[in-house]
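Below is one structure, written out as structure tokens; comments come after it.
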Amino acid sequence: MDTKEALYNYCLRLGDNNLVLGQRLAEWCSNGPILEEDLAMTNLSLDHFGQAEFMYEYAAELEGKGRTCDDIAFKRNEREYFNALITEQPNGDFAFTMMKHLLFSAFAQHLYESLSLSNDKRLAELSVRALKEIKYHFRHSSEWIVRLGKGTQESAMRTQYALNELWMFTADLFEINKIDETLIGIIVDSNELFPAWKKTIETVLNTANIKIPEKVHMLKGGYNGKHTEHLGHLLCEMQYLQRAYPNAKW
Amino acid sequence: MQQQNNQLPLWEVFIQSKSGIPHKHVGSIHASDKKMALQNARDIYTRRGEGRSIWVVLSENIVSSAPGEEAEFFDPTDDKVYRHPTFYRVPDGVKHM
Amino acid sequence: MTEEDKLKRFNICIEQDEKIEPKDWMPEQYRKTMIRQISQHAHSEVIGMQPEGNWVLRAPTLRAKKILLAKIQDEGGHGLYLYSAAETLGIDRGEMIKQLHEGKAKYSSIFNYPALTWADIGAIGWLVDGAAIVNQVSLQRTSYGPYARGMVRICKEESFHQRQGYEIMVTMMNGISEQKKMAQDAMDRWWWPALMMFGPPDGESVHTKQSMQWKIKRESNDVLRQRFIDKTVDQAHFIGLEVPDKDLKFNEATGHWETGTINWKEFHEVINGNGPCNHQRMKHHIKAHNDGKWVRDAALAFAETEKNDQKQLITN
């Protein structure tokens with residue numbers, strides 16, 4: 001694998017994380033606990049779709065086969081998506097969704113911070129842009145986790161349950177494979193992000209009185225296209241029109 | 001009051017669209033605390049880049065003059081025309097005043 | 001001031017095209033009508049999120065997905081502006097939602113039709129938002145201040161909605177035969193319900209006369225409907241869509257398009273709860289509201305403990 005191909009695949013990974021999270025957040029549309037939060041979640045979703053789009057645009061350029069970002073977003077099969085497992089997990093209740101976004105946005109914040117210093121100029125630029133948005137996502141989800149953790153007994157229970165269920169997907173975020181190895185010097189080794197991420201998460205969770213579960217068996221594989229069963233259904237719905245009318249322009 | 005039917009309290013939102021101009025009332029939102037109020041105001045009233053600064057204040061903290069007092073509040077200024085620049089005569093030929 | 005004086009002052013205010021503001025004296029009936037109309041409008045925006053939300057996960061391109069999501073978000077925002085406007089009249093949002101769930105408050109009957117294909121998203125934007133905007137532009141001059149200001153904001157934001165709907169229709173009409181068929185089918189299903197959005201004909205409208213007198217409504221149902229028809233028929237023909245009305249003809253003398261008779265029986269059926277989606281829409285809204293209860297409870301409880309913590313800090 002040469003650098004260009006690795007970078008193409010890396011952009012797919014970044015794009016896929018965003019696409020899948022955007023799609024999951026969009027499921028909240030008209031289902032939020034208050035109207036204000038409905039709009040807030042739509043904003044987060046729009047940010048993710050926007051980020052997916054510009055990552056795919058860069059990927060398409062690197063690939064150089066004349067594909068569009070929509071070809072990349074809509075016309076791949078399950079095993080060709082490289083998003084982290086946590087992003088594809090179903091929304092669950094509001095605490096579950098916010099916990100998912102806390103864990104992911106804290107990760108993305110540290111990741112984009114490091115990528116914004118990348119010597120691949122384009123990647124650095126895109127990361128600076130994404131970082132602004134993701135900081136807000138972190139703020140939004142962390143404040144909610146504190147509210148829910150310290151709110152009522154019920155909300156604390158739901159929030160703790162969310163973390164217990166989601167924790168097993170967190171190591172997957174820091175996995176490295178051939179792509180990362182090829183890109184050493186352009187991207188940071190994800191393992192190096194782990195301590196900072198852990199600290200960020202712990203600060204929020206401590207404030208919220210939520211405990212990190214111990215001895216959890218970690219599930220991994222998203223970056224290698226080995227997913228949970230949930231992704232296929234998400235793609236099925238998302239790709240429906242492109243698949244049903246392959247010759248149509250939209 | 002709002003909490004009986006489990007609604008979050010009401011806040012008034014003021015947005016400053018550019019530096020140097022005053023914050024302007026744009027509407028209201030519901031939120032349970034200050035942080036949430038600011039974020040909700042941001043998500044709802046600045047979706048099209050309308051803002052650079054947001055103020056939120058609990059609606060119940062706003063003190064308003066009552067319509068019944070209109071006369072005593074505002075009418076007395078009606079006869080103080082000398083507060084308006086157009087009241088004064090300036091000789092022809094004097095500019096920039 | 002006696003009640004009579006107050007009424008006199010109110011009437012002069014209306015006559016001189018001044019706005020009525022929240023704390024001004026107003027006849028009880030005016031307040032009630034205003035609450036009914038604004039909350040109905042707010043509920044319509046919010047329920048309107050559902051048929052479009054039904055396609056947001058299946059939108060065919062990233063661009064379409066973003067546009068649709070932003071549009072649905074606008075609708076939520078507009079619902080919110082309108083709830084705020086109604087709240088200035090002394091009713092809170094929780095009460096309005098309760099009235100909606102109990103069937104005491106209505107919402108626009110148009111949202112009780114299903115969005116079956118992607119072309120429906122085009123038709124909804126073009127026809128439904130197109131009809132709504134004709135009405136809303138007129139309402140910018142309504143006599144209640146907060147409602148009028150809400151309308152100004154809404155009209156400014158909504159101007160892109162109709163365009164995005166029409167753009168979808170144009171793309172479909174320029175597309176493969178299946179897309180054209182889809183577009184015409186959506187047109188066939190949404191045209192008549194869109195005309196019904198303006199409400200019953202002037203002669204039969206229960207609220208129109210008083211509302212016109214109070215300048216809550218500035219133009220009658222039929223006038224607004226005609227304005228919409230004249231604009232829209234040409235837009236349909238321009239991209240090769242047929243208007244599903246065999247009696248449609250252009251009257252050279254008046255310069256207006258004349259349509260066949262609207263099926264008002266269907267309109268009343270849908271209003272009274274028997275449209276294809278009434279039950280589904282309400283169930284959806286009630287479920288979301290109830291599912292969110294523990295979140296709202298938690299947020300309120302958290303705010304309460306924060307307040308107490310702060311008090312402790314101060315006394316220490």
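So you can find residues: chains in the structure tokens are A, B, ... in the order shown, residues in each start at 1, and ligands are numbered from 1 in order.
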Determine which residues of chain A sit within 7 Å of chain B, taking into account only C-alpha atoms, and present them as a PDB file with N, CA, C and O atoms, in the first residue's frame.
ATOM      1  N   GLU A  36     -36.247  22.168  21.549  1.00  0.00           N
ATOM      2  CA  GLU A  36     -34.932  22.799  21.464  1.00  0.00           C
ATOM      3  C   GLU A  36     -33.839  21.756  21.207  1.00  0.00           C
ATOM      4  O   GLU A  36     -32.920  21.991  20.429  1.00  0.00           O
ATOM      5  N   LEU A  39     -33.649  20.444  17.672  1.00  0.00           N
ATOM      6  CA  LEU A  39     -32.888  21.332  16.782  1.00  0.00           C
ATOM      7  C   LEU A  39     -31.392  21.223  17.034  1.00  0.00           C
ATOM      8  O   LEU A  39     -30.595  21.271  16.099  1.00  0.00           O
ATOM      9  N   ALA A  40     -31.028  21.057  18.297  1.00  0.00           N
ATOM     10  CA  ALA A  40     -29.606  20.926  18.620  1.00  0.00           C
ATOM     11  C   ALA A  40     -29.030  19.668  17.984  1.00  0.00           C
ATOM     12  O   ALA A  40     -27.951  19.699  17.396  1.00  0.00           O
TER      13      ALA A  40
END
Which of chain B fall in helix (DSSP H, G or I), as JSON, numbers by chain: {"B": [34, 35, 36, 37, 38, 39, 40, 41, 42, 43, 44, 45, 59, 60, 61, 67, 68, 69, 70, 71, 72, 73, 74, 75, 76, 77, 78, 79, 81, 82, 83, 85, 86, 87]}
Residues of the last selection are to be written out with C-alpha atoms, as a PDB file, in the first residue's frame.
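As written to disk, out-v9.pdb reads:
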ATOM      1  CA  LYS B  34     -27.839  28.796  32.014  1.00  0.00           C
ATOM      2  CA  LYS B  35     -25.566  26.621  29.920  1.00  0.00           C
ATOM      3  CA  MET B  36     -28.470  24.929  28.237  1.00  0.00           C
ATOM      4  CA  ALA B  37     -30.157  28.270  27.674  1.00  0.00           C
ATOM      5  CA  LEU B  38     -27.105  29.621  25.863  1.00  0.00           C
ATOM      6  CA  GLN B  39     -26.708  26.543  23.705  1.00  0.00           C
ATOM      7  CA  ASN B  40     -30.386  26.386  22.824  1.00  0.00           C
ATOM      8  CA  ALA B  41     -30.330  30.059  21.914  1.00  0.00           C
ATOM      9  CA  ARG B  42     -27.287  29.425  19.732  1.00  0.00           C
ATOM     10  CA  ASP B  43     -28.852  26.413  18.008  1.00  0.00           C
ATOM     11  CA  ILE B  44     -32.150  28.153  17.381  1.00  0.00           C
ATOM     12  CA  TYR B  45     -31.471  31.798  16.757  1.00  0.00           C
ATOM     13  CA  SER B  59     -38.230  35.606  31.444  1.00  0.00           C
ATOM     14  CA  GLU B  60     -39.486  35.897  35.019  1.00  0.00           C
ATOM     15  CA  ASN B  61     -36.543  38.191  35.817  1.00  0.00           C
ATOM     16  CA  PRO B  67     -49.846  49.289  30.108  1.00  0.00           C
ATOM     17  CA  GLY B  68     -52.008  51.043  32.704  1.00  0.00           C
ATOM     18  CA  GLU B  69     -49.052  53.217  33.661  1.00  0.00           C
ATOM     19  CA  GLU B  70     -48.314  54.269  30.120  1.00  0.00           C
ATOM     20  CA  ALA B  71     -49.649  57.771  30.651  1.00  0.00           C
ATOM     21  CA  GLU B  72     -47.573  58.585  33.722  1.00  0.00           C
ATOM     22  CA  PHE B  73     -44.512  56.850  32.335  1.00  0.00           C
ATOM     23  CA  PHE B  74     -44.294  58.244  28.876  1.00  0.00           C
ATOM     24  CA  ASP B  75     -46.589  61.212  28.362  1.00  0.00           C
ATOM     25  CA  PRO B  76     -44.487  63.668  30.397  1.00  0.00           C
ATOM     26  CA  THR B  77     -41.794  63.529  27.702  1.00  0.00           C
ATOM     27  CA  ASP B  78     -44.279  64.611  25.053  1.00  0.00           C
ATOM     28  CA  ASP B  79     -43.896  68.297  25.902  1.00  0.00           C
ATOM     29  CA  VAL B  81     -39.464  69.018  22.621  1.00  0.00           C
ATOM     30  CA  TYR B  82     -36.266  70.821  23.589  1.00  0.00           C
ATOM     31  CA  ARG B  83     -34.670  67.391  23.944  1.00  0.00           C
ATOM     32  CA  PRO B  85     -32.276  68.613  17.945  1.00  0.00           C
ATOM     33  CA  THR B  86     -34.899  69.761  15.480  1.00  0.00           C
ATOM     34  CA  PHE B  87     -36.254  72.103  18.187  1.00  0.00           C
TER      35      PHE B  87
END
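Every residue of chain C that lies within 6 Å of chain A is listed here, counting only C-alpha atoms: Leu57, Arg58, Pro60, Thr61, Gln73, Ala288, Gly292, Ala298, Ala299, Ala301 and Phe302 of chain C.
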Got time to write the residues from that selection, all heavy atoms, as a short mmCIF file (atom, residue, chain, number, x, y, z; two decimals), in the first residue's frame?
data_model
loop_
_atom_site.label_atom_id
_atom_site.label_comp_id
_atom_site.auth_asym_id
_atom_site.auth_seq_id
_atom_site.Cartn_x
_atom_site.Cartn_y
_atom_site.Cartn_z
N LEU C 57 -33.52 9.89 6.30
CA LEU C 57 -32.54 8.81 6.34
C LEU C 57 -32.33 8.18 4.96
O LEU C 57 -31.35 7.49 4.72
CB LEU C 57 -32.96 7.73 7.34
CG LEU C 57 -33.13 8.20 8.79
CD1 LEU C 57 -33.67 7.09 9.67
CD2 LEU C 57 -31.80 8.69 9.35
N ARG C 58 -33.28 8.43 4.05
CA ARG C 58 -33.19 7.82 2.72
C ARG C 58 -32.88 8.82 1.62
O ARG C 58 -32.94 8.48 0.44
CB ARG C 58 -34.50 7.09 2.40
CG ARG C 58 -34.70 5.84 3.22
CD ARG C 58 -36.05 5.20 2.92
NE ARG C 58 -37.16 6.00 3.48
CZ ARG C 58 -38.45 5.76 3.25
NH1 ARG C 58 -38.80 4.75 2.46
NH2 ARG C 58 -39.37 6.51 3.80
N PRO C 60 -31.25 10.76 -1.23
CA PRO C 60 -30.36 10.06 -2.15
C PRO C 60 -28.94 10.61 -2.28
O PRO C 60 -28.07 9.93 -2.82
CB PRO C 60 -31.08 10.17 -3.49
CG PRO C 60 -31.90 11.40 -3.38
CD PRO C 60 -32.30 11.50 -1.94
N THR C 61 -28.70 11.84 -1.86
CA THR C 61 -27.33 12.38 -1.93
C THR C 61 -27.02 13.10 -0.62
O THR C 61 -27.94 13.43 0.14
CB THR C 61 -27.17 13.42 -3.07
OG1 THR C 61 -27.99 14.55 -2.76
CG2 THR C 61 -27.56 12.86 -4.42
N GLN C 73 -35.24 21.22 10.28
CA GLN C 73 -34.79 21.96 11.45
C GLN C 73 -35.45 23.34 11.48
O GLN C 73 -35.90 23.80 12.53
CB GLN C 73 -33.27 22.10 11.40
CG GLN C 73 -32.70 22.75 12.64
CD GLN C 73 -31.22 23.03 12.49
OE1 GLN C 73 -30.78 23.50 11.46
NE2 GLN C 73 -30.46 22.73 13.52
N ALA C 288 -42.85 10.61 21.55
CA ALA C 288 -41.61 11.40 21.73
C ALA C 288 -41.72 12.25 23.00
O ALA C 288 -40.78 12.34 23.78
CB ALA C 288 -41.36 12.27 20.51
N GLY C 292 -39.52 11.63 26.44
CA GLY C 292 -38.61 12.68 26.89
C GLY C 292 -38.84 13.14 28.31
O GLY C 292 -38.07 13.94 28.84
N ALA C 298 -34.93 15.15 34.73
CA ALA C 298 -33.53 15.15 35.16
C ALA C 298 -32.93 16.55 35.04
O ALA C 298 -32.24 17.01 35.94
CB ALA C 298 -32.73 14.16 34.32
N ALA C 299 -33.22 17.23 33.93
CA ALA C 299 -32.67 18.57 33.71
C ALA C 299 -33.17 19.53 34.79
O ALA C 299 -32.40 20.34 35.32
CB ALA C 299 -33.03 19.06 32.32
N ALA C 301 -34.26 18.69 37.81
CA ALA C 301 -33.71 18.29 39.11
C ALA C 301 -32.26 18.76 39.22
O ALA C 301 -31.83 19.26 40.27
CB ALA C 301 -33.77 16.76 39.25
N PHE C 302 -31.52 18.64 38.13
CA PHE C 302 -30.13 19.09 38.14
C PHE C 302 -30.04 20.59 38.39
O PHE C 302 -29.22 21.05 39.19
CB PHE C 302 -29.46 18.72 36.81
CG PHE C 302 -28.08 19.28 36.66
CD1 PHE C 302 -27.02 18.74 37.36
CD2 PHE C 302 -27.84 20.37 35.83
CE1 PHE C 302 -25.73 19.25 37.23
CE2 PHE C 302 -26.56 20.91 35.70
CZ PHE C 302 -25.51 20.34 36.40
#
Which of C:Asn112, C:Ser84, C:Gln50, C:Gln179 sits closest to C:Ile271 [using only C-alpha atoms]: C:Asn112
Nearby residues (only C-alpha atoms) at most 8 Å from C:Gly125, same-chain spacing under 6 positions excluded, as a PyMOL selection string: chain C and resi 161-166
Distance-based interface of chain C with chain B, 9 Å, counting only C-alpha atoms, as a list of chain:residue names: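 On the chain C side, the interface is C:Met1, C:Lys23, C:Asp24, C:Trp25, C:Gln73, C:Asp74, C:Gly77, C:Leu80, C:Tyr81, C:Ser84, C:Ala85, C:Asp92, C:Arg93, C:Gly94, C:Glu95, C:Lys98, C:Pro146, C:Gly150, C:Glu157, C:Lys293, C:Arg296, C:Asp297, C:Ala299, C:Leu300, C:Ala301, C:Phe302, C:Ala303, C:Glu304, C:Glu306.
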For B:Ile54: contacts at 7 Å, only C-alpha atoms, fewer than 4 positions along chain excluded, given as a VMD selection string: chain B and resid 14 to 16
